[in-house]
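S.K.: Contents of my_file20.cif (mmCIF, C-alpha atoms) are given next:
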data_work
loop_
_atom_site.label_atom_id
_atom_site.label_comp_id
_atom_site.auth_asym_id
_atom_site.auth_seq_id
_atom_site.Cartn_x
_atom_site.Cartn_y
_atom_site.Cartn_z
CA MET D 115 34.50 -55.79 -48.48
CA SER D 116 34.56 -52.57 -46.44
CA ILE D 117 32.24 -49.88 -45.13
CA GLU D 118 32.68 -46.15 -44.67
CA VAL D 119 31.40 -44.41 -41.55
CA ARG D 120 31.44 -40.77 -40.51
CA ILE D 121 32.96 -40.01 -37.11
CA ARG D 122 31.67 -36.85 -35.37
CA LEU D 123 34.07 -35.47 -32.78
CA PHE D 124 33.21 -33.22 -29.87
CA ALA D 125 35.08 -31.17 -27.24
CA GLN D 126 38.65 -32.40 -26.62
CA LEU D 127 38.50 -34.90 -29.48
CA ARG D 128 37.63 -32.16 -31.95
CA GLU D 129 40.54 -30.09 -30.65
CA ARG D 130 42.97 -33.02 -30.86
CA ALA D 131 41.94 -33.86 -34.43
CA GLY D 132 41.67 -30.27 -35.63
CA ALA D 133 38.36 -31.22 -37.26
CA SER D 134 34.78 -31.83 -36.19
CA GLU D 135 34.42 -34.99 -38.25
CA LEU D 136 36.43 -37.70 -39.95
CA SER D 137 35.64 -40.50 -42.35
CA LEU D 138 36.84 -44.03 -41.63
CA GLU D 139 36.93 -47.05 -43.88
CA LEU D 140 36.44 -50.22 -41.84
CA PRO D 141 36.01 -53.88 -42.69
CA ASP D 142 32.48 -55.18 -43.18
CA GLY D 143 31.09 -56.28 -39.80
CA ALA D 144 33.16 -53.73 -37.87
CA ARG D 145 31.89 -52.59 -34.51
CA VAL D 146 32.11 -49.31 -32.60
CA GLY D 147 35.11 -50.70 -30.69
CA ASP D 148 36.91 -51.33 -33.99
CA ALA D 149 36.40 -47.70 -34.99
CA LEU D 150 37.79 -46.53 -31.63
CA ALA D 151 40.82 -48.77 -32.07
CA ARG D 152 41.40 -47.38 -35.57
CA LEU D 153 41.41 -43.83 -34.17
CA GLY D 154 44.39 -44.82 -32.03
CA GLU D 155 45.93 -42.01 -30.01
CA LEU D 156 43.17 -39.56 -30.92
CA ALA D 157 40.74 -41.16 -28.45
CA ASP D 158 43.34 -42.87 -26.27
CA GLY D 159 42.96 -42.14 -22.57
CA LEU D 160 39.61 -40.34 -22.83
CA PRO D 161 36.39 -41.92 -21.64
CA VAL D 162 33.75 -41.25 -24.27
CA VAL D 163 30.02 -41.56 -24.67
CA MET D 164 29.27 -43.12 -28.03
CA ALA D 165 26.22 -42.82 -30.25
CA VAL D 166 25.46 -44.44 -33.60
CA ASN D 167 22.98 -42.48 -35.67
CA ARG D 168 22.03 -40.44 -32.58
CA GLU D 169 21.29 -43.52 -30.45
CA TYR D 170 23.55 -44.27 -27.48
CA ALA D 171 25.71 -47.28 -28.24
CA ASP D 172 28.38 -49.43 -26.67
CA ALA D 173 31.53 -50.86 -28.22
CA ASP D 174 29.75 -54.03 -29.44
CA VAL D 175 27.28 -52.29 -31.77
CA GLU D 176 27.86 -53.30 -35.40
CA LEU D 177 28.35 -50.46 -37.86
CA SER D 178 26.70 -50.26 -41.28
CA PRO D 179 27.75 -48.31 -44.37
CA GLY D 180 27.00 -44.60 -43.97
CA ASP D 181 26.52 -44.73 -40.19
CA GLU D 182 27.40 -41.71 -38.09
CA LEU D 183 29.40 -42.47 -34.95
CA ALA D 184 29.52 -39.60 -32.45
CA LEU D 185 32.23 -39.60 -29.79
CA ILE D 186 31.59 -37.30 -26.86
CA PRO D 187 34.20 -36.99 -24.10
CA PRO D 188 33.29 -35.55 -20.71
CA VAL D 189 33.06 -31.78 -20.66
CA SER D 190 33.41 -29.47 -17.71
CA GLY D 191 32.46 -25.93 -16.96
CA GLY D 192 29.34 -24.00 -17.70
CA ALA D 193 26.92 -22.33 -15.39
CA ALA D 194 24.63 -24.17 -13.05
CA VAL D 195 21.00 -23.99 -14.06
CA PRO D 196 18.77 -22.95 -11.17
CA ALA D 197 15.96 -25.33 -10.26
CA LEU D 198 12.47 -24.23 -11.19
CA HIS D 199 9.77 -24.46 -8.54
CA SER D 200 6.07 -24.43 -9.25
#
If you convert what's in this file into structure tokens, what do you get?
M.R.:
Amino acid sequence: MSIEVRIRLFAQLRERAGASELSLELPDGARVGDALARLGELADGLPVVMAVNREYADADVELSPGDELALIPPVSGGAAVPALHS
């Protein structure tokens, strides 16, 4: 038996894949770490923050059919936001 999950890619991962999302078929009982391993070189060498259904997750979280796994690598740049004082 297998499950299908949607992988949302951000920043460098999106650029590497040439797409903002992918679909993966994984074995029943698969975990976030299994999805990362299946992505192979796409995510290789990049530290990522992971979220399942918009909740931060680690590699041991079990995936369910239809879950959304977001992979967010570190981003740099942008303007500093000035502190507000009251």
S.K.: Atom CA of Val189 of chain D to atom CA of Leu140 of chain D: how many Å, to one decimal?
M.R.: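 Between these atoms lies a distance of 28.3 Å.
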S.K.: Of the residues D:Ala165, D:Leu153, D:Leu138, D:Ala131, which is the one nearest to Val119 of chain D, using all atoms listed in the file?
M.R.: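 Result for the nearest residue to Val119 of chain D: D:Leu138.
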S.K.: Separation of atom CA of Gln126 of chain D and atom CA of Asp142 of chain D, in Å?
M.R.: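 About the pair atom CA of Gln126 of chain D and atom CA of Asp142 of chain D: they are 28.8 Å apart.
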S.K.: With only C-alpha atoms as the counted atoms, please give the residues lying no more than 10 Å from Leu123 of chain D, apart from itself and same-chain residues fewer than 6 positions off, as a PyMOL selection string.
M.R.: chain D and resi 129-136+157+183-187
S.K.: Using only C-alpha atoms, find the one residue out of D:Gly143, D:Asp174, D:Ala149, D:Glu155 that sits nearest to Arg120 of chain D.
M.R.: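 Using only C-alpha atoms, Arg120 of chain D sits closest to D:Ala149.
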S.K.: Would you mind telling me which residue in D:Leu127, D:Val146, D:Leu177, D:Ala171 lies nearest to Gly159 of chain D when using all atoms listed in the file?
M.R.: D:Leu127
S.K.: Rounded to one decimal place, report the atom CA of Met164 of chain D-atom CA of Met115 of chain D distance in Å.
M.R.: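 Those two atoms sit 24.6 Å apart.
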S.K.: When you look at Glu139 of chain D with a cut-off of 7 Å (counting all atoms listed in the file), what residues show up, excluding the ones that are within fewer than 6 positions of it in the same chain? I need them as an MDAnalysis selection string.
M.R.: chainID D and resid 116:119
S.K.: I'd like the box whose edges run along x, y and z of the file and which contains every listed atom of segment 168-187 of chain D, padded by 5 Å per side; could you state its centre and edge lengths in Å, one decimal, as lines of an AutoDock Vina configuration file?
M.R.:
center_x = 27.7
center_y = -45.5
center_z = -34.2
size_x = 22.9
size_y = 27.0
size_z = 30.3
S.K.: Between D:Val175, D:Arg128, D:Glu182, D:Ser137, which is the closest to Arg152 of chain D once you count all atoms listed in the file?
M.R.: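 Nearest to Arg152 of chain D: D:Ser137.
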S.K.: For Glu176 of chain D, which residue out of D:Leu156, D:Ala151, D:Ala144, D:Ile121 is the nearest one, using only C-alpha atoms?
M.R.: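 For Glu176 of chain D, the nearest of the given residues is D:Ala144.
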S.K.: Tell me which of D:Pro141, D:Pro188, D:Arg122, D:Ser178 sits closest to Pro161 of chain D, counting all atoms listed in the file.
M.R.: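 Result for the nearest residue to Pro161 of chain D: D:Pro188.
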